[in-house]
Structure formats: structure tokens, C-alpha cells
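Here's target20.pdb, which has PDB, C-alpha atoms:
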ATOM      1  CA  MET A   1     139.431 135.741 174.646
ATOM      2  CA  THR A   2     136.572 133.581 173.447
ATOM      3  CA  LEU A   3     137.234 130.327 171.602
ATOM      4  CA  ILE A   4     136.056 132.019 168.432
ATOM      5  CA  ASP A   5     138.639 134.759 169.021
ATOM      6  CA  HIS A   6     141.302 132.087 169.399
ATOM      7  CA  ILE A   7     140.200 130.536 166.097
ATOM      8  CA  HIS A   8     140.429 133.838 164.215
ATOM      9  CA  GLN A   9     143.806 134.619 165.769
ATOM     10  CA  ALA A  10     145.175 131.147 164.999
ATOM     11  CA  ALA A  11     144.006 131.340 161.378
ATOM     12  CA  GLN A  12     145.787 134.669 160.966
ATOM     13  CA  ARG A  13     148.972 133.283 162.489
ATOM     14  CA  PHE A  14     148.843 130.190 160.255
ATOM     15  CA  THR A  15     148.491 132.374 157.174
ATOM     16  CA  GLN A  16     151.298 134.699 158.243
ATOM     17  CA  ALA A  17     153.559 131.709 158.959
ATOM     18  CA  GLY A  18     152.937 130.282 155.482
ATOM     19  CA  LEU A  19     151.724 126.907 156.688
ATOM     20  CA  SER A  20     150.574 124.301 154.181
ATOM     21  CA  PHE A  21     147.327 122.370 154.363
ATOM     22  CA  GLY A  22     145.700 119.425 152.595
ATOM     23  CA  GLN A  23     146.138 116.731 155.255
ATOM     24  CA  GLY A  24     142.676 116.846 156.733
ATOM     25  CA  THR A  25     141.832 120.507 156.129
ATOM     26  CA  GLN A  26     142.200 122.750 153.107
ATOM     27  CA  ASN A  27     142.731 126.189 154.638
ATOM     28  CA  ALA A  28     143.987 128.097 157.675
ATOM     29  CA  HIS A  29     140.542 128.700 159.159
ATOM     30  CA  ASP A  30     139.504 125.051 159.137
ATOM     31  CA  GLU A  31     142.858 124.033 160.588
ATOM     32  CA  ALA A  32     142.415 126.592 163.365
ATOM     33  CA  VAL A  33     138.919 125.300 164.122
ATOM     34  CA  TRP A  34     140.241 121.738 164.331
ATOM     35  CA  LEU A  35     143.068 122.551 166.727
ATOM     36  CA  VAL A  36     141.164 124.979 168.953
ATOM     37  CA  LEU A  37     138.216 122.602 169.396
ATOM     38  CA  PHE A  38     140.600 119.722 170.032
ATOM     39  CA  ALA A  39     142.488 121.689 172.682
ATOM     40  CA  ALA A  40     139.177 122.683 174.275
ATOM     41  CA  ASP A  41     138.031 119.037 174.262
ATOM     42  CA  LEU A  42     134.994 119.881 172.146
ATOM     43  CA  PRO A  43     133.534 117.829 169.250
ATOM     44  CA  LEU A  44     135.038 118.710 165.885
ATOM     45  CA  ASP A  45     131.542 119.083 164.420
ATOM     46  CA  THR A  46     130.588 121.790 166.917
ATOM     47  CA  ASP A  47     128.381 124.401 165.215
ATOM     48  CA  LEU A  48     130.345 127.586 165.773
ATOM     49  CA  LEU A  49     127.433 129.750 164.607
ATOM     50  CA  ALA A  50     124.783 128.217 166.830
ATOM     51  CA  PRO A  51     123.606 130.478 169.701
ATOM     52  CA  GLU A  52     124.009 127.599 172.139
ATOM     53  CA  PHE A  53     127.723 127.708 171.331
ATOM     54  CA  THR A  54     128.373 131.415 170.739
ATOM     55  CA  GLN A  55     126.645 132.333 174.017
ATOM     56  CA  SER A  56     127.935 129.365 175.975
ATOM     57  CA  PRO A  57     130.528 129.803 178.747
ATOM     58  CA  LEU A  58     132.543 127.154 176.890
ATOM     59  CA  ASN A  59     133.092 129.794 174.222
ATOM     60  CA  THR A  60     132.869 133.063 176.139
ATOM     61  CA  GLN A  61     134.702 132.023 179.304
ATOM     62  CA  PRO A  62     137.209 129.282 178.506
ATOM     63  CA  SER A  63     139.361 128.412 181.489
ATOM     64  CA  ALA A  64     142.937 129.573 181.750
ATOM     65  CA  GLN A  65     144.033 125.966 181.382
ATOM     66  CA  VAL A  66     142.094 125.548 178.117
ATOM     67  CA  GLN A  67     143.493 128.808 176.755
ATOM     68  CA  GLU A  68     147.018 127.726 177.598
ATOM     69  CA  ARG A  69     146.465 124.392 175.804
ATOM     70  CA  ILE A  70     145.210 126.280 172.755
ATOM     71  CA  ARG A  71     148.209 128.623 172.689
ATOM     72  CA  ALA A  72     150.643 125.741 173.113
ATOM     73  CA  LEU A  73     149.060 123.656 170.340
ATOM     74  CA  ILE A  74     148.912 126.581 167.908
ATOM     75  CA  ALA A  75     152.549 127.413 168.630
ATOM     76  CA  GLN A  76     153.542 123.775 168.163
ATOM     77  CA  ARG A  77     151.808 123.641 164.765
ATOM     78  CA  ILE A  78     153.675 126.751 163.612
ATOM     79  CA  ASP A  79     157.070 125.976 165.131
ATOM     80  CA  THR A  80     157.328 122.334 164.091
ATOM     81  CA  ARG A  81     155.330 122.387 160.818
ATOM     82  CA  GLN A  82     153.979 118.997 161.891
ATOM     83  CA  PRO A  83     150.597 118.167 160.339
ATOM     84  CA  ALA A  84     147.687 118.770 162.694
ATOM     85  CA  ALA A  85     146.719 115.096 162.605
ATOM     86  CA  TYR A  86     150.077 114.120 164.086
ATOM     87  CA  LEU A  87     149.541 116.632 166.884
ATOM     88  CA  THR A  88     146.018 115.433 167.689
ATOM     89  CA  ARG A  89     146.718 111.752 166.914
ATOM     90  CA  GLU A  90     143.457 111.610 164.982
ATOM     91  CA  ALA A  91     142.196 112.107 161.437
ATOM     92  CA  TRP A  92     138.709 111.854 159.985
ATOM     93  CA  LEU A  93     137.762 110.361 156.639
ATOM     94  CA  GLN A  94     134.141 110.330 155.446
ATOM     95  CA  GLY A  95     133.011 111.111 158.968
ATOM     96  CA  VAL A  96     134.897 108.162 160.489
ATOM     97  CA  PRO A  97     137.682 108.780 163.032
ATOM     98  CA  PHE A  98     141.062 107.095 162.708
ATOM     99  CA  TYR A  99     144.125 107.017 164.908
ATOM    100  CA  VAL A 100     147.282 108.311 163.207
ATOM    101  CA  ASP A 101     150.866 109.016 164.133
ATOM    102  CA  GLU A 102     154.190 109.535 162.377
ATOM    103  CA  ARG A 103     154.426 105.864 161.415
ATOM    104  CA  CYS A 104     151.831 106.267 158.660
ATOM    105  CA  ILE A 105     150.586 108.683 156.041
ATOM    106  CA  ILE A 106     147.638 110.855 157.073
ATOM    107  CA  PRO A 107     144.506 109.383 155.445
ATOM    108  CA  ARG A 108     142.995 111.584 152.735
ATOM    109  CA  SER A 109     142.482 109.216 149.802
ATOM    110  CA  LEU A 110     139.862 110.183 147.239
ATOM    111  CA  ILE A 111     138.978 106.492 147.054
ATOM    112  CA  ALA A 112     137.138 107.056 150.332
ATOM    113  CA  GLU A 113     134.644 109.256 148.465
ATOM    114  CA  ILE A 114     134.039 106.541 145.896
ATOM    115  CA  ILE A 115     133.431 103.981 148.614
ATOM    116  CA  ALA A 116     131.022 106.303 150.409
ATOM    117  CA  ASP A 117     129.014 107.511 147.407
ATOM    118  CA  GLY A 118     128.613 104.071 145.844
ATOM    119  CA  SER A 119     129.896 105.170 142.429
ATOM    120  CA  ALA A 120     131.946 101.985 142.045
ATOM    121  CA  ASP A 121     129.211  99.601 143.198
ATOM    122  CA  ALA A 122     128.019  98.820 139.686
ATOM    123  CA  TRP A 123     131.498  97.564 138.763
ATOM    124  CA  ILE A 124     131.758  95.154 141.680
ATOM    125  CA  ALA A 125     130.348  91.689 140.983
ATOM    126  CA  PRO A 126     127.251  90.895 143.085
ATOM    127  CA  GLU A 127     128.925  87.683 144.236
ATOM    128  CA  ALA A 128     132.139  89.468 145.290
ATOM    129  CA  GLN A 129     133.575  88.051 148.513
ATOM    130  CA  THR A 130     137.166  89.231 148.805
ATOM    131  CA  ALA A 131     138.946  92.576 148.634
ATOM    132  CA  LEU A 132     142.514  93.797 149.017
ATOM    133  CA  ASP A 133     143.498  97.227 150.329
ATOM    134  CA  LEU A 134     147.029  97.516 148.992
ATOM    135  CA  CYS A 135     149.275 100.153 150.599
ATOM    136  CA  THR A 136     146.788 100.269 153.444
ATOM    137  CA  GLY A 137     148.720 102.738 155.622
ATOM    138  CA  ASN A 138     146.642 103.262 158.745
ATOM    139  CA  GLY A 139     143.943 100.926 157.436
ATOM    140  CA  SER A 140     141.324 103.600 156.779
ATOM    141  CA  LEU A 141     140.261 102.433 153.313
ATOM    142  CA  ALA A 142     139.994  98.838 154.506
ATOM    143  CA  VAL A 143     137.804  99.966 157.402
ATOM    144  CA  LEU A 144     135.576 102.106 155.161
ATOM    145  CA  ALA A 145     135.291  99.283 152.624
ATOM    146  CA  ALA A 146     134.310  96.820 155.337
ATOM    147  CA  MET A 147     131.620  99.234 156.504
ATOM    148  CA  ALA A 148     130.322  99.852 152.974
ATOM    149  CA  TRP A 149     130.380  96.249 151.743
ATOM    150  CA  PRO A 150     129.435  93.968 154.658
ATOM    151  CA  ASP A 151     129.737  90.781 152.590
ATOM    152  CA  LEU A 152     133.432  91.290 151.827
ATOM    153  CA  GLN A 153     136.384  89.789 153.639
ATOM    154  CA  LEU A 154     139.377  92.089 153.334
ATOM    155  CA  VAL A 155     143.139  91.869 153.384
ATOM    156  CA  ALA A 156     144.971  95.085 154.312
ATOM    157  CA  SER A 157     148.547  94.928 153.026
ATOM    158  CA  ASP A 158     151.556  97.191 153.386
ATOM    159  CA  LEU A 159     155.333  97.003 153.173
ATOM    160  CA  SER A 160     155.707  98.954 156.405
ATOM    161  CA  GLN A 161     155.390  97.048 159.669
ATOM    162  CA  ASP A 162     155.034 100.402 161.417
ATOM    163  CA  ALA A 163     152.033 101.367 159.289
ATOM    164  CA  LEU A 164     150.444  97.975 159.894
ATOM    165  CA  ALA A 165     150.786  98.502 163.643
ATOM    166  CA  VAL A 166     148.710 101.662 163.253
ATOM    167  CA  ALA A 167     146.237  99.865 160.983
ATOM    168  CA  ARG A 168     145.753  97.246 163.691
ATOM    169  CA  ILE A 169     144.776  99.982 166.146
ATOM    170  CA  ASN A 170     142.087 101.233 163.754
ATOM    171  CA  ILE A 171     140.770  97.804 162.864
ATOM    172  CA  GLU A 172     140.371  97.026 166.548
ATOM    173  CA  ARG A 173     138.922 100.476 167.236
ATOM    174  CA  HIS A 174     136.136  99.774 164.756
ATOM    175  CA  GLN A 175     135.795  96.116 165.822
ATOM    176  CA  LEU A 176     136.561  94.680 162.390
ATOM    177  CA  GLN A 177     139.130  92.057 163.378
ATOM    178  CA  GLN A 178     136.894  89.295 161.990
ATOM    179  CA  ARG A 179     136.599  91.009 158.617
ATOM    180  CA  ILE A 180     140.059  92.480 157.962
ATOM    181  CA  THR A 181     143.334  90.556 157.942
ATOM    182  CA  LEU A 182     146.670  92.367 158.004
ATOM    183  CA  GLN A 183     149.416  91.263 155.645
ATOM    184  CA  GLN A 184     152.986  92.514 155.322
ATOM    185  CA  GLY A 185     155.011  92.505 152.144
ATOM    186  CA  SER A 186     156.175  94.361 149.055
ATOM    187  CA  GLY A 187     153.436  95.097 146.558
ATOM    188  CA  LEU A 188     151.589  91.998 145.404
ATOM    189  CA  ALA A 189     154.420  89.626 146.380
ATOM    190  CA  PRO A 190     152.669  88.157 149.468
ATOM    191  CA  CYS A 191     149.438  87.712 147.501
ATOM    192  CA  LEU A 192     151.248  85.873 144.708
ATOM    193  CA  GLU A 193     153.099  83.698 147.213
ATOM    194  CA  ARG A 194     149.831  82.700 148.865
ATOM    195  CA  GLY A 195     147.903  82.264 145.616
ATOM    196  CA  GLN A 196     145.303  84.782 146.788
ATOM    197  CA  LYS A 197     142.496  85.974 144.513
ATOM    198  CA  PHE A 198     140.485  89.141 144.996
ATOM    199  CA  ASP A 199     137.240  90.444 143.537
ATOM    200  CA  LEU A 200     138.219  94.022 144.354
ATOM    201  CA  VAL A 201     141.566  95.727 144.834
ATOM    202  CA  LEU A 202     141.816  99.230 146.285
ATOM    203  CA  CYS A 203     145.174 100.947 146.002
ATOM    204  CA  ASN A 204     146.383 104.404 146.976
ATOM    205  CA  PRO A 205     150.082 103.819 146.270
ATOM    206  CA  PRO A 206     153.151 106.047 146.478
ATOM    207  CA  TYR A 207     152.795 108.029 143.248
ATOM    208  CA  VAL A 208     154.405 111.456 143.753
ATOM    209  CA  ASN A 209     156.963 112.066 140.999
ATOM    210  CA  ALA A 210     160.519 113.050 141.893
ATOM    211  CA  HIS A 211     160.173 116.700 140.871
ATOM    212  CA  SER A 212     157.053 117.111 143.007
ATOM    213  CA  MET A 213     158.692 115.325 145.934
ATOM    214  CA  HIS A 214     161.476 117.910 145.952
ATOM    215  CA  ALA A 215     158.876 120.682 146.089
ATOM    216  CA  LEU A 216     156.811 119.296 148.969
ATOM    217  CA  PRO A 217     156.345 121.579 151.998
ATOM    218  CA  PRO A 218     157.522 120.473 155.460
ATOM    219  CA  GLU A 219     154.076 119.205 156.478
ATOM    220  CA  PHE A 220     154.132 116.578 153.740
ATOM    221  CA  LEU A 221     157.797 115.763 154.206
ATOM    222  CA  ALA A 222     156.880 114.846 157.789
ATOM    223  CA  GLU A 223     155.034 111.823 156.406
ATOM    224  CA  PRO A 224     156.865 108.572 155.613
ATOM    225  CA  ASP A 225     158.707 108.930 152.306
ATOM    226  CA  LEU A 226     157.834 105.301 151.575
ATOM    227  CA  ALA A 227     154.151 106.236 151.327
ATOM    228  CA  LEU A 228     154.661 109.130 148.918
ATOM    229  CA  ALA A 229     157.629 108.794 146.567
ATOM    230  CA  GLY A 230     156.848 107.057 143.272
ATOM    231  CA  GLY A 231     160.135 107.502 141.423
ATOM    232  CA  SER A 232     161.010 109.833 138.555
ATOM    233  CA  ASP A 233     157.539 109.714 136.961
ATOM    234  CA  GLY A 234     155.550 108.458 139.962
ATOM    235  CA  MET A 235     154.933 105.077 138.341
ATOM    236  CA  ASP A 236     157.574 102.898 140.029
ATOM    237  CA  PHE A 237     155.035 101.076 142.198
ATOM    238  CA  ILE A 238     152.285 101.071 139.596
ATOM    239  CA  ARG A 239     154.242  99.371 136.796
ATOM    240  CA  PRO A 240     154.726  96.020 138.580
ATOM    241  CA  LEU A 241     151.272  96.329 140.132
ATOM    242  CA  LEU A 242     149.510  96.416 136.764
ATOM    243  CA  ALA A 243     151.796  93.751 135.324
ATOM    244  CA  GLN A 244     151.079  91.298 138.143
ATOM    245  CA  LEU A 245     147.501  92.139 139.008
ATOM    246  CA  PRO A 246     145.767  89.823 136.483
ATOM    247  CA  GLN A 247     147.226  86.912 138.462
ATOM    248  CA  VAL A 248     145.581  88.201 141.630
ATOM    249  CA  LEU A 249     142.226  89.468 140.358
ATOM    250  CA  SER A 250     139.306  87.089 139.967
ATOM    251  CA  ALA A 251     137.716  86.807 136.505
ATOM    252  CA  ASP A 252     135.299  89.663 137.248
ATOM    253  CA  GLY A 253     137.671  91.522 139.547
ATOM    254  CA  VAL A 254     138.350  95.258 139.400
ATOM    255  CA  LEU A 255     141.082  97.619 140.511
ATOM    256  CA  ILE A 256     140.366 101.092 141.897
ATOM    257  CA  LEU A 257     143.611 103.058 141.780
ATOM    258  CA  GLU A 258     144.447 106.586 142.901
ATOM    259  CA  ILE A 259     147.162 108.436 140.972
ATOM    260  CA  GLY A 260     146.608 112.025 142.119
ATOM    261  CA  HIS A 261     147.923 114.604 139.667
ATOM    262  CA  GLU A 262     149.998 112.078 137.738
ATOM    263  CA  ARG A 263     147.578 111.328 134.865
ATOM    264  CA  PRO A 264     150.006 112.548 132.158
ATOM    265  CA  TYR A 265     152.708 110.255 133.511
ATOM    266  CA  PHE A 266     150.223 107.388 133.830
ATOM    267  CA  GLU A 267     149.071 107.745 130.224
ATOM    268  CA  ALA A 268     152.668 107.968 129.017
ATOM    269  CA  ALA A 269     153.575 104.787 130.918
ATOM    270  CA  PHE A 270     150.468 102.860 129.849
ATOM    271  CA  PRO A 271     149.433 104.260 126.454
ATOM    272  CA  HIS A 272     147.362 101.205 125.509
ATOM    273  CA  LEU A 273     145.220 101.210 128.618
ATOM    274  CA  ALA A 274     141.688 102.611 128.550
ATOM    275  CA  PRO A 275     140.750 103.058 132.223
ATOM    276  CA  ILE A 276     137.401 104.245 133.516
ATOM    277  CA  TRP A 277     137.986 107.581 135.264
ATOM    278  CA  LEU A 278     135.877 108.066 138.377
ATOM    279  CA  GLU A 279     134.442 111.394 139.490
ATOM    280  CA  THR A 280     135.657 112.795 142.830
ATOM    281  CA  SER A 281     135.660 116.174 144.552
ATOM    282  CA  ALA A 282     139.066 116.755 142.932
ATOM    283  CA  GLY A 283     137.788 116.058 139.422
ATOM    284  CA  SER A 284     137.652 113.018 137.155
ATOM    285  CA  ASP A 285     141.337 112.447 136.485
ATOM    286  CA  GLN A 286     142.786 111.291 139.813
ATOM    287  CA  VAL A 287     141.117 107.926 140.474
ATOM    288  CA  LEU A 288     140.664 105.249 137.856
ATOM    289  CA  LEU A 289     139.074 101.826 137.554
ATOM    290  CA  LEU A 290     140.402  98.891 135.559
ATOM    291  CA  THR A 291     138.777  95.509 135.064
ATOM    292  CA  ARG A 292     140.882  92.394 134.737
ATOM    293  CA  ASP A 293     140.136  92.238 131.014
ATOM    294  CA  LEU A 294     141.436  95.776 130.533
ATOM    295  CA  LEU A 295     144.575  94.883 132.447
ATOM    296  CA  LEU A 296     145.539  91.803 130.471
ATOM    297  CA  PRO A 297     147.290  93.688 127.600
ATOM    298  CA  THR A 298     149.558  95.437 130.149
ATOM    299  CA  THR A 299     151.127  92.293 131.575
ATOM    300  CA  SER A 300     154.282  92.856 129.527
ATOM    301  CA  SER A 301     154.625  96.557 130.446
TER     302      SER A 301
END

What is this file in C-alpha cells?
Amino acid sequence: MTLIDHIHQAAQRFTQAGLSFGQGTQNAHDEAVWLVLFAADLPLDTDLLAPEFTQSPLNTQPSAQVQERIRALIAQRIDTRQPAAYLTREAWLQGVPFYVDERCIIPRSLIAEIIADGSADAWIAPEAQTALDLCTGNGSLAVLAAMAWPDLQLVASDLSQDALAVARINIERHQLQQRITLQQGSGLAPCLERGQKFDLVLCNPPYVNAHSMHALPPEFLAEPDLALAGGSDGMDFIRPLLAQLPQVLSADGVLILEIGHERPYFEAAFPHLAPIWLETSAGSDQVLLLTRDLLLPTTSS
């Protein structure tokens, strides 16, 4: 079998097994490409249609050892329902590689798009110096923000010591130890204790409502519950965040917050807020921006 044959076969098996996607890929074919190329030790951006690949011995005559690795990895994905990123120990976000394992959520935040495309730049004060990546997980948003805004010093904060251990790996991998500081604690508590002020806060918090949590497929249940579950309406973390944030934001500071599919719950919880909704590949109702002035009326929520 060629590698391309293995990809087609794996995609069929993934579909027949009813696997779920959305943690780095969106469909069975792309997941099969990822795992087959990984098992064959080939770059994930390999052009499968290029003659130099289709006619290459790497494709047409893979070794028995490579084919065995492919079969084992495909079987593991189906049998365990573990996300592919946990099997490969790597995930990519905006073309940047990150180490991942079961200690952290697999990075897929839509905020990464906003960082990369510059759509939030106009809202960030030219003199901005400090940023907070709250609920940093594996540190991917902090790393991308440091790359996009070289004048910022960042704090990457999370409740989970395990997640912060993974974030440290990625910060060191991208040589950003001088720009990103790790901080452990619940929500904004460590920031309030230290009297920290930030010009920008990025937050992809746990926001999945209880009904949706019960309906999650095994791939998503493999991720830390702490990083997903947001209570009955998904707003348990967000309520204290918005109440406390004016004490942490600088006068011209802004919050960029991801809420996924929870906009109806968000608007029900904060009916007096008028956020700026930011466009992403998933639409214009999953990531919002709030200035400090817009936040002030919510301090009693």
C-alpha cells in the first residue's frame, strides 16, 4: 500500500467508527493525513498532490516498519478515542507547533485567528506594555501574542499546575522565557493579590454549559474537565471575571474573550453589556471584545 492508500483507508475507518473531530482537524480525511504523515515521519504540510510526493518511494514504497507504525496509530485512535494531538504529542495553531499532552486542553482557540490577522490591533493602545493570557492551558495564546506584539510583556496564568508545566515546555520551545511569566491561581485572584495591571487580557475560559458537557463525545471528554466545564449556563468563570476585571485592566485596557456557542447564555447573564463581536472563521458571535469602560457597569453582576 502507498501512503495515500493508507490515508484513504484510515479516513474510511474513522468514518465507520464514528470518531469525532474538531481538536486540530475538522474531518476524517484531514485526521488521517495528520496521523499517517506523523507515523511516516513526514512534514504535516507535505503536498500530497505534488508529483515529487506521489511518485516518490516515500509514498509508493513505504517500509514495513512505517506501515506497521501507521496501522498501530490508526488502531490506537479508533480503539481509545484519544484525540490525535494526544497521540502525536503535538498540535498546531496558526502554523506554530505546540507540545501537548493529557495535562492540558488541545489548543484550538479562535482568539489565535484574531491575534494572527491583526483585527484587534486597533483596540490595543499604542503604548500597551503588559498582557495577561488567562486560562493559558498549554501557553499557545501567550506564545502567539508574544510573537505578534513584540513590545508586550506577558503573564500566562492558569489554575492547573499541570497545564502550566506544559506551558513552560512551549515557552521554552519558542525561547520566550524573557517575555512570558507563568502564574498559578484561580481566575484573577493572583493578579488582584499582586496589584497587577494589564493593557490587554486574552481569555479562553471554561465555558461549556452543563447540557453540552453531558453530550460531549469521548475525544473531548479526554481533555481536562477543568478547562471545559462552565457550569449550568457556561458562565461560572465569566461572572467573577467581568466583575473583577476593571480592577486589573489599565485605563485603556481591553479584554478579548472567547465564549464559543454560548452567546445566548452570555447575553442573558450580562444584558446591559454591549460587547464588540469579532469576526472569526466560525462567525462573529464566538469571540468578543470589551473595553474597561464597557465593563464598569458590570462590576455588580

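The residues caught by the PyMOL selection byres ((chain A and resi 247-264) around 6) in this file are Lys197, Phe198, Asp199, Leu200, Val201, Leu202, Cys203, Asn204, Gln244, Leu245, Pro246, Tyr265, Phe266, Glu267, Gln286, Val287, Leu288, Leu289, Leu290, Thr291 and Arg292 of chain A.
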
TODO: Could you tell me which residues the PyMOL selection byres ((chain A and resi 17) around 12) returns for this structure, as a list of chain:residue names?
DONE: A:Ala10, A:Ala11, A:Gln12, A:Arg13, A:Phe14, A:Thr15, A:Gln16, A:Gly18, A:Leu19, A:Ser20, A:Ala28, A:Ile74, A:Ala75, A:Arg77, A:Ile78, A:Asp79, A:Thr80, A:Arg81

Output file for the selection above: C-alpha atoms, as a PDB file, keeping the file's coordinate frame:
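Result file is again30.pdb:
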ATOM      1  CA  ALA A  10     145.175 131.147 164.999  1.00  0.00           C
ATOM      2  CA  ALA A  11     144.006 131.340 161.378  1.00  0.00           C
ATOM      3  CA  GLN A  12     145.787 134.669 160.966  1.00  0.00           C
ATOM      4  CA  ARG A  13     148.972 133.283 162.489  1.00  0.00           C
ATOM      5  CA  PHE A  14     148.843 130.190 160.255  1.00  0.00           C
ATOM      6  CA  THR A  15     148.491 132.374 157.174  1.00  0.00           C
ATOM      7  CA  GLN A  16     151.298 134.699 158.243  1.00  0.00           C
ATOM      8  CA  GLY A  18     152.937 130.282 155.482  1.00  0.00           C
ATOM      9  CA  LEU A  19     151.724 126.907 156.688  1.00  0.00           C
ATOM     10  CA  SER A  20     150.574 124.301 154.181  1.00  0.00           C
ATOM     11  CA  ALA A  28     143.987 128.097 157.675  1.00  0.00           C
ATOM     12  CA  ILE A  74     148.912 126.581 167.908  1.00  0.00           C
ATOM     13  CA  ALA A  75     152.549 127.413 168.630  1.00  0.00           C
ATOM     14  CA  ARG A  77     151.808 123.641 164.765  1.00  0.00           C
ATOM     15  CA  ILE A  78     153.675 126.751 163.612  1.00  0.00           C
ATOM     16  CA  ASP A  79     157.070 125.976 165.131  1.00  0.00           C
ATOM     17  CA  THR A  80     157.328 122.334 164.091  1.00  0.00           C
ATOM     18  CA  ARG A  81     155.330 122.387 160.818  1.00  0.00           C
TER      19      ARG A  81
END

Task: Near-stretch 217-227 of chain A list (9 Å; all atoms listed in the file; drop same-chain fewer than 6 positions) as a list in words - done: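 Here the qualifying residues turn out to be Leu19, Ser20, Phe21, Gly22, Gln23, Thr80, Arg81, Gln82, Pro83, Ala84, Glu102, Arg103, Cys104, Ile105, Ile106, Cys135, Gly137, Leu159, Ser160, Pro205, Pro206 and Tyr207 of chain A.
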
TODO: Tell me, in Å to one decimal, how far atom CA of A:Ala167 is from atom CA of A:Thr88.
DONE: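 Computing the Euclidean distance for atom CA of A:Ala167 and atom CA of A:Thr88 yields 17.0 Å.
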
Task: Counting only C-alpha atoms, the residue of A:Ile4, A:Ser63, A:Leu164, A:Thr280 that sits nearest A:Gln183 - done: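 Looking at the shortest contact to A:Gln183, the residue is A:Leu164.
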
Open item on the list: For A:Met235, find every residue with an atom within 8 Å (counting all atoms listed in the file), except residues of its own chain fewer than 3 positions away, and show them as a list of chain:residue names.
Closed with: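 Everything that qualifies: A:Tyr207, A:Asn209, A:Gly230, A:Gly231, A:Ser232, A:Ile238, A:Arg239, A:Tyr265, A:Phe266, A:Ala269.
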
Based on the selection just made, write C-alpha atoms of those residues as a PDB file, in the frame of the given file.
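Result saved to part.pdb:
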ATOM      1  CA  TYR A 207     152.795 108.029 143.248  1.00  0.00           C
ATOM      2  CA  ASN A 209     156.963 112.066 140.999  1.00  0.00           C
ATOM      3  CA  GLY A 230     156.848 107.057 143.272  1.00  0.00           C
ATOM      4  CA  GLY A 231     160.135 107.502 141.423  1.00  0.00           C
ATOM      5  CA  SER A 232     161.010 109.833 138.555  1.00  0.00           C
ATOM      6  CA  ILE A 238     152.285 101.071 139.596  1.00  0.00           C
ATOM      7  CA  ARG A 239     154.242  99.371 136.796  1.00  0.00           C
ATOM      8  CA  TYR A 265     152.708 110.255 133.511  1.00  0.00           C
ATOM      9  CA  PHE A 266     150.223 107.388 133.830  1.00  0.00           C
ATOM     10  CA  ALA A 269     153.575 104.787 130.918  1.00  0.00           C
TER      11      ALA A 269
END

Open item on the list: One number please: atom CA of A:Gly95 to atom CA of A:Thr46, in Å, one decimal.
Closed with: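 Between atom CA of A:Gly95 and atom CA of A:Thr46 the gap is 13.5 Å.
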